[in-house]
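Single-structure report; data block below.
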Amino acid sequence: MDFFEYAISNIEYRDPLFGIVILIFCIGLVSLFGYYWNYIISKKQQESLRKFMESFDYIGFDKEVKEFLALSPNPIPSLLFMAKMYQKSANYEKAIRLYTTLLDSIKNPLDKIPILESLGLVYTKAGFPLRAKEIYLEILHHYPRNPVTLNALIKIYEELNAFEDALNALDCLEEIQGGTQLHQSYLQTKILIFTSQNHTQITQKQLPAKLLATLKKEPRLMRLIMTFLKDYYPSLFWQCVLEIPQDSLLQILDLLWSQKEIPQEILEELENLPTQANNLRILKEILEAKGILSLSASQKAIFELEALCLLRANKSYQGDLRFSYQCTNCSGTSPLAFDRCPHCDELLTSKTLVFLKEKQDEVCYSFL
Ligand SMILES: [Zn+2]
């Protein structure tokens, strides 16, 4: 055994300091390993964060577009097509970048108009109506006789509940192309309802008379006016239900179906109504199908009401109604009633569709 081995064996067994040194060495080794491990983890996190940030980095994208503009002989149609594709695939950020880069590169102001219109549309779809409004106002500032931009601006004003501004813009559209009477009535009604809800300007006495006059002049506004009256003037709502043509009631069947409290005098009047009488016939049938009035033997106006009355008579099943809304212009449907079609943007084209369904007892759970 040489001296070194002898010394170690002696120190190992005899010197307690050697054990402490080994312990400190082990602690240092573990700390070093832990430090290295944390370093690797933080590097990985930084790398993933950098990749995530890259997905929002449009600097390179702008550069590529500018290069393409500089090198290609006729780059604008291709870039416009690309922007439209981004727009259709709902990649609005890239579409906006492309349009703004294109605007910078085009010198002729007339050529900028279609790009600005597309940019306004993208801003509207991306949820920036104020930006879109600025763009449309800028176009109209230079080219006021532009019906496409005026129409787009009116829709933005409607979205922002700025109905007065929309009406002013519509006056310009009326001068250019005419045929905006229905739209004018719609906006005037919206102004009446909106100002009444904000308790300004219009007194409570004037409002119902004005709304009734509008309803008589333009029956297509029935849903809008009746929905407002149902919520704010219930007695006037029922007065209108008695006065408007009975066939029109089927268009607001959903509003009548959801009514829980019917005035007692109307119920009495309907109970005493002769079977052959034509006025109030449909209202009576609706209330019979709902189970409020006793059943009569007469034939009902629509299949769904007839079926509900038969189910009521047999008592084995309980039926109910559900509603959907269809556009008379594009035939698109929506589960919610609309003033402007969500598919084709046409105004006041909603038609109420009625469907039978099994009645389910609704249980309300309170969280309080
Ligand atoms: Zn439509």
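Letters for chains follow the order of the structure tokens (A, B, ...), residue numbers begin at 1 for each chain, and ligand numbers begin at 1 in the order shown.
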Note to self: So that I can check the secondary structure, give me every residue of region 151-328 of chain A assigned alpha helix (DSSP H) by backbone DSSP, as a PyMOL selection string.
What the structure shows: chain A and resi 151-159+163-177+181-197+206-217+222-232+234-243+253-257+264-271+281-290+303-314
With 6 Å as the cut-off and only C-alpha atoms and all ligand atoms counted, what is the closest atom pair between each nearby residue of chain A and ligand 1? Distances in Å to one decimal, ordered by chain and number, as JSON lines.
```
{"residue": "A:Cys327", "atom": "CA", "partner": "ligand 1", "partner_atom_place_in_ligand_line": "1 (Zn)", "distance": 4.5}
{"residue": "A:Asn329", "atom": "CA", "partner": "ligand 1", "partner_atom_place_in_ligand_line": "1 (Zn)", "distance": 5.0}
{"residue": "A:Cys330", "atom": "CA", "partner": "ligand 1", "partner_atom_place_in_ligand_line": "1 (Zn)", "distance": 4.1}
{"residue": "A:Gly332", "atom": "CA", "partner": "ligand 1", "partner_atom_place_in_ligand_line": "1 (Zn)", "distance": 5.5}
{"residue": "A:Cys341", "atom": "CA", "partner": "ligand 1", "partner_atom_place_in_ligand_line": "1 (Zn)", "distance": 4.6}
{"residue": "A:His343", "atom": "CA", "partner": "ligand 1", "partner_atom_place_in_ligand_line": "1 (Zn)", "distance": 4.9}
{"residue": "A:Cys344", "atom": "CA", "partner": "ligand 1", "partner_atom_place_in_ligand_line": "1 (Zn)", "distance": 4.0}
{"residue": "A:Glu346", "atom": "CA", "partner": "ligand 1", "partner_atom_place_in_ligand_line": "1 (Zn)", "distance": 5.7}
```
Go ahead and write the selection's residues with N, CA, C and O atoms as a compact mmCIF listing (two decimals), in the first residue's frame.
```
# COMPACT_ATOMS: atom_id res chain seq x y z
N CYS A 327 -85.50 35.50 -43.39
CA CYS A 327 -85.43 36.71 -44.22
C CYS A 327 -86.20 36.44 -45.52
O CYS A 327 -85.97 35.42 -46.17
N ASN A 329 -85.86 38.09 -48.15
CA ASN A 329 -85.00 38.42 -49.29
C ASN A 329 -84.04 37.28 -49.65
O ASN A 329 -83.97 36.87 -50.80
N CYS A 330 -83.34 36.76 -48.63
CA CYS A 330 -82.32 35.73 -48.93
C CYS A 330 -82.69 34.36 -48.37
O CYS A 330 -81.93 33.41 -48.54
N GLY A 332 -82.43 33.29 -45.50
CA GLY A 332 -81.59 32.89 -44.36
C GLY A 332 -82.40 32.94 -43.08
O GLY A 332 -83.32 33.75 -42.95
N CYS A 341 -81.30 41.98 -41.71
CA CYS A 341 -80.95 40.55 -41.86
C CYS A 341 -79.46 40.34 -41.59
O CYS A 341 -78.62 41.03 -42.16
N HIS A 343 -77.69 38.00 -42.61
CA HIS A 343 -77.02 37.35 -43.75
C HIS A 343 -76.84 38.31 -44.93
O HIS A 343 -75.77 38.39 -45.51
N CYS A 344 -77.93 39.05 -45.29
CA CYS A 344 -77.84 39.89 -46.50
C CYS A 344 -77.96 41.38 -46.19
O CYS A 344 -77.95 42.20 -47.12
N GLU A 346 -80.39 43.20 -45.51
CA GLU A 346 -81.63 43.87 -45.96
C GLU A 346 -82.45 44.29 -44.73
O GLU A 346 -82.44 43.61 -43.70
```
Next item on the list: Measuring atom to atom with only C-alpha atoms, identify which of A:Ile266, A:Leu347, A:Leu116, A:Ala132 is nearest to Ser185 (chain A).
Entry: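 Of all the options, A:Leu347 lies closest to Ser185 (chain A).
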Item checked: Leu98 (chain A) environment, 10 Å, only C-alpha atoms, sequence neighbours closer than 5 positions dropped, as a list in words ->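 Here the answer would be Phe61, Asp62, Val65, Lys66, Leu79, Leu80, Met82, Ala83, Lys84, Tyr86, Tyr92, Glu93, Leu103, Ile115 and Leu119 of chain A.
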Next item on the list: Just the residues within 9 Å of Lys133 (chain A), please, counting only C-alpha atoms, with nothing from its chain fewer than 5 positions along; format it as a PyMOL selection string.
Entry: chain A and resi 120+124+128+138+152-153+156-157
Residue selection dump (all heavy atoms) as an mmCIF file, in the first residue's frame:
```cif
data_model
loop_
_atom_site.group_PDB
_atom_site.id
_atom_site.type_symbol
_atom_site.label_atom_id
_atom_site.label_comp_id
_atom_site.auth_asym_id
_atom_site.auth_seq_id
_atom_site.Cartn_x
_atom_site.Cartn_y
_atom_site.Cartn_z
ATOM 1 N N GLY A 120 -62.509 49.885 -44.804
ATOM 2 C CA GLY A 120 -63.623 50.216 -43.909
ATOM 3 C C GLY A 120 -64.423 48.979 -43.560
ATOM 4 O O GLY A 120 -64.802 48.762 -42.405
ATOM 5 N N THR A 124 -64.976 47.197 -39.902
ATOM 6 C CA THR A 124 -66.319 46.901 -39.369
ATOM 7 C C THR A 124 -66.386 45.460 -38.892
ATOM 8 O O THR A 124 -66.866 45.171 -37.799
ATOM 9 C CB THR A 124 -67.387 47.124 -40.459
ATOM 10 O OG1 THR A 124 -67.148 48.368 -41.086
ATOM 11 C CG2 THR A 124 -68.785 47.101 -39.896
ATOM 12 N N PHE A 128 -64.162 47.334 -35.202
ATOM 13 C CA PHE A 128 -63.692 48.709 -34.969
ATOM 14 C C PHE A 128 -64.586 49.682 -35.735
ATOM 15 O O PHE A 128 -64.146 50.279 -36.736
ATOM 16 C CB PHE A 128 -62.236 48.868 -35.433
ATOM 17 C CG PHE A 128 -61.262 47.985 -34.719
ATOM 18 C CD1 PHE A 128 -60.733 46.862 -35.340
ATOM 19 C CD2 PHE A 128 -60.880 48.264 -33.417
ATOM 20 C CE1 PHE A 128 -59.841 46.036 -34.671
ATOM 21 C CE2 PHE A 128 -59.992 47.446 -32.751
ATOM 22 C CZ PHE A 128 -59.474 46.321 -33.378
ATOM 23 N N GLU A 138 -63.887 60.097 -44.535
ATOM 24 C CA GLU A 138 -62.770 60.605 -45.338
ATOM 25 C C GLU A 138 -63.071 60.434 -46.837
ATOM 26 O O GLU A 138 -62.838 61.359 -47.636
ATOM 27 C CB GLU A 138 -61.492 59.837 -44.939
ATOM 28 C CG GLU A 138 -60.213 60.333 -45.565
ATOM 29 C CD GLU A 138 -59.855 61.756 -45.173
ATOM 30 O OE1 GLU A 138 -60.241 62.181 -44.086
ATOM 31 O OE2 GLU A 138 -59.213 62.436 -46.011
ATOM 32 N N ALA A 152 -72.771 52.124 -46.344
ATOM 33 C CA ALA A 152 -71.902 51.526 -45.318
ATOM 34 C C ALA A 152 -71.846 52.423 -44.081
ATOM 35 O O ALA A 152 -71.896 51.939 -42.947
ATOM 36 C CB ALA A 152 -70.505 51.308 -45.883
ATOM 37 N N LEU A 153 -71.786 53.746 -44.304
ATOM 38 C CA LEU A 153 -71.728 54.698 -43.188
ATOM 39 C C LEU A 153 -73.024 54.653 -42.372
ATOM 40 O O LEU A 153 -72.996 54.700 -41.132
ATOM 41 C CB LEU A 153 -71.467 56.111 -43.726
ATOM 42 C CG LEU A 153 -71.342 57.206 -42.680
ATOM 43 C CD1 LEU A 153 -70.080 57.018 -41.845
ATOM 44 C CD2 LEU A 153 -71.319 58.595 -43.300
ATOM 45 N N ILE A 156 -73.005 51.744 -40.110
ATOM 46 C CA ILE A 156 -72.108 51.976 -38.959
ATOM 47 C C ILE A 156 -72.810 52.856 -37.924
ATOM 48 O O ILE A 156 -72.774 52.577 -36.727
ATOM 49 C CB ILE A 156 -70.793 52.654 -39.427
ATOM 50 C CG1 ILE A 156 -69.962 51.677 -40.252
ATOM 51 C CG2 ILE A 156 -69.980 53.193 -38.258
ATOM 52 C CD1 ILE A 156 -69.286 50.605 -39.460
ATOM 53 N N TYR A 157 -73.497 53.919 -38.391
ATOM 54 C CA TYR A 157 -74.227 54.800 -37.466
ATOM 55 C C TYR A 157 -75.302 54.012 -36.721
ATOM 56 O O TYR A 157 -75.509 54.218 -35.529
ATOM 57 C CB TYR A 157 -74.860 55.965 -38.234
ATOM 58 C CG TYR A 157 -73.911 57.110 -38.537
ATOM 59 C CD1 TYR A 157 -73.925 57.737 -39.768
ATOM 60 C CD2 TYR A 157 -73.028 57.577 -37.569
ATOM 61 C CE1 TYR A 157 -73.063 58.795 -40.050
ATOM 62 C CE2 TYR A 157 -72.166 58.628 -37.846
ATOM 63 C CZ TYR A 157 -72.185 59.229 -39.083
ATOM 64 O OH TYR A 157 -71.330 60.273 -39.345
#
```
Check: Which polymer residues have any atom within 9 Å of an atom of Leu253 (chain A), counting only C-alpha atoms, with same-chain residues fewer than 6 positions away left out, as a PyMOL selection string?
Finding: chain A and resi 286+323+352+354
Note to self: Set the distance at 8 Å and use only C-alpha atoms: which residues neighbour Val122 (chain A) once local chain neighbours fewer than 5 positions away are removed? I'd like the list as a PyMOL selection string.
What the structure shows: chain A and resi 87+92+95-96
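With distances restricted to only C-alpha atoms, A:Ala313 is the closest residue to Ser294 (chain A) from A:Leu71, A:Ile106, A:Leu336, A:Ala313.
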Next item on the list: Do a neighbour search on Ala307 (chain A) at 10 Å with only C-alpha atoms, toss out local chain neighbours closer than 3 positions, and write the hits as an MDAnalysis selection string.
Entry: chainID A and resid 289 300 302:304 310:313 319:320 356
Notebook entry, point to check: When distances are computed from only C-alpha atoms, which of A:Ile292, A:Leu192, A:Cys240, A:Ile282 shows the smallest separation from Leu212 (chain A)?
Noted result: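 Closest residue, counting only C-alpha atoms: A:Cys240.
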Checklist line | DSSP strand (DSSP E) residues within region 135-347 of chain A, as a list in words | finding: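 DSSP-assigned strand (DSSP E) residues in region 135-347 of chain A: Gly319, Asp320, Leu321, Arg322, Phe323, Ser324, Tyr325, Gln326, Cys327, Thr333 and Ser334 of chain A.
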Write out the residues from the selection above, keeping all heavy atoms, as an mmCIF file, in the first residue's frame.
```cif
data_model
loop_
_atom_site.group_PDB
_atom_site.id
_atom_site.type_symbol
_atom_site.label_atom_id
_atom_site.label_comp_id
_atom_site.auth_asym_id
_atom_site.auth_seq_id
_atom_site.Cartn_x
_atom_site.Cartn_y
_atom_site.Cartn_z
ATOM 1 N N GLY A 319 -98.532 20.523 -25.728
ATOM 2 C CA GLY A 319 -97.707 21.100 -26.789
ATOM 3 C C GLY A 319 -97.335 22.533 -26.500
ATOM 4 O O GLY A 319 -97.924 23.196 -25.656
ATOM 5 N N ASP A 320 -96.326 22.990 -27.199
ATOM 6 C CA ASP A 320 -95.852 24.375 -27.053
ATOM 7 C C ASP A 320 -95.374 24.850 -28.429
ATOM 8 O O ASP A 320 -95.326 24.055 -29.376
ATOM 9 C CB ASP A 320 -94.711 24.412 -26.033
ATOM 10 C CG ASP A 320 -94.541 25.798 -25.433
ATOM 11 O OD1 ASP A 320 -95.199 26.739 -25.924
ATOM 12 O OD2 ASP A 320 -93.750 25.933 -24.486
ATOM 13 N N LEU A 321 -95.011 26.089 -28.533
ATOM 14 C CA LEU A 321 -94.523 26.628 -29.803
ATOM 15 C C LEU A 321 -93.100 27.137 -29.630
ATOM 16 O O LEU A 321 -92.734 27.619 -28.565
ATOM 17 C CB LEU A 321 -95.398 27.790 -30.281
ATOM 18 C CG LEU A 321 -96.831 27.479 -30.698
ATOM 19 C CD1 LEU A 321 -97.528 28.759 -31.138
ATOM 20 C CD2 LEU A 321 -96.887 26.453 -31.823
ATOM 21 N N ARG A 322 -92.328 27.009 -30.693
ATOM 22 C CA ARG A 322 -91.028 27.691 -30.720
ATOM 23 C C ARG A 322 -90.958 28.486 -32.025
ATOM 24 O O ARG A 322 -91.689 28.168 -32.984
ATOM 25 C CB ARG A 322 -89.856 26.727 -30.568
ATOM 26 C CG ARG A 322 -89.576 25.869 -31.745
ATOM 27 C CD ARG A 322 -88.343 25.000 -31.521
ATOM 28 N NE ARG A 322 -88.191 24.090 -32.629
ATOM 29 C CZ ARG A 322 -87.610 24.394 -33.770
ATOM 30 N NH1 ARG A 322 -87.101 25.602 -33.939
ATOM 31 N NH2 ARG A 322 -87.524 23.519 -34.758
ATOM 32 N N PHE A 323 -90.110 29.503 -32.027
ATOM 33 C CA PHE A 323 -90.114 30.439 -33.163
ATOM 34 C C PHE A 323 -88.721 30.599 -33.753
ATOM 35 O O PHE A 323 -87.709 30.469 -33.054
ATOM 36 C CB PHE A 323 -90.627 31.811 -32.703
ATOM 37 C CG PHE A 323 -91.997 31.739 -32.106
ATOM 38 C CD1 PHE A 323 -92.169 31.591 -30.731
ATOM 39 C CD2 PHE A 323 -93.115 31.758 -32.915
ATOM 40 C CE1 PHE A 323 -93.434 31.497 -30.180
ATOM 41 C CE2 PHE A 323 -94.384 31.671 -32.370
ATOM 42 C CZ PHE A 323 -94.536 31.535 -30.998
ATOM 43 N N SER A 324 -88.741 30.863 -35.048
ATOM 44 C CA SER A 324 -87.500 31.160 -35.749
ATOM 45 C C SER A 324 -87.833 32.284 -36.736
ATOM 46 O O SER A 324 -89.008 32.532 -37.000
ATOM 47 C CB SER A 324 -87.035 29.882 -36.438
ATOM 48 O OG SER A 324 -85.973 30.156 -37.281
ATOM 49 N N TYR A 325 -86.807 32.940 -37.264
ATOM 50 C CA TYR A 325 -87.079 34.114 -38.112
ATOM 51 C C TYR A 325 -86.348 33.965 -39.440
ATOM 52 O O TYR A 325 -85.147 33.647 -39.459
ATOM 53 C CB TYR A 325 -86.644 35.386 -37.371
ATOM 54 C CG TYR A 325 -87.308 35.452 -36.014
ATOM 55 C CD1 TYR A 325 -86.696 34.869 -34.902
ATOM 56 C CD2 TYR A 325 -88.574 35.997 -35.858
ATOM 57 C CE1 TYR A 325 -87.323 34.859 -33.662
ATOM 58 C CE2 TYR A 325 -89.205 35.993 -34.627
ATOM 59 C CZ TYR A 325 -88.571 35.423 -33.536
ATOM 60 O OH TYR A 325 -89.200 35.396 -32.319
ATOM 61 N N GLN A 326 -87.101 34.153 -40.515
ATOM 62 C CA GLN A 326 -86.529 33.960 -41.852
ATOM 63 C C GLN A 326 -86.561 35.270 -42.625
ATOM 64 O O GLN A 326 -87.523 36.040 -42.532
ATOM 65 C CB GLN A 326 -87.350 32.910 -42.603
ATOM 66 C CG GLN A 326 -86.717 32.517 -43.922
ATOM 67 C CD GLN A 326 -87.489 31.420 -44.620
ATOM 68 O OE1 GLN A 326 -88.724 31.434 -44.625
ATOM 69 N NE2 GLN A 326 -86.775 30.489 -45.206
ATOM 70 N N CYS A 327 -85.500 35.500 -43.392
ATOM 71 C CA CYS A 327 -85.433 36.708 -44.224
ATOM 72 C C CYS A 327 -86.198 36.444 -45.523
ATOM 73 O O CYS A 327 -85.968 35.419 -46.172
ATOM 74 C CB CYS A 327 -83.979 37.038 -44.502
ATOM 75 S SG CYS A 327 -83.772 38.312 -45.748
ATOM 76 N N THR A 333 -82.093 32.053 -42.134
ATOM 77 C CA THR A 333 -82.860 32.024 -40.879
ATOM 78 C C THR A 333 -81.982 32.427 -39.698
ATOM 79 O O THR A 333 -80.753 32.328 -39.755
ATOM 80 C CB THR A 333 -83.437 30.619 -40.608
ATOM 81 O OG1 THR A 333 -82.364 29.694 -40.642
ATOM 82 C CG2 THR A 333 -84.498 30.245 -41.607
ATOM 83 N N SER A 334 -82.658 32.880 -38.660
ATOM 84 C CA SER A 334 -81.947 33.286 -37.444
ATOM 85 C C SER A 334 -82.811 32.907 -36.244
ATOM 86 O O SER A 334 -84.032 33.005 -36.308
ATOM 87 C CB SER A 334 -81.717 34.805 -37.488
ATOM 88 O OG SER A 334 -81.473 35.290 -36.201
#
```
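Take CA of Asn108 (chain A) and CA of Asn146 (chain A): the distance between them is 17.7 Å.
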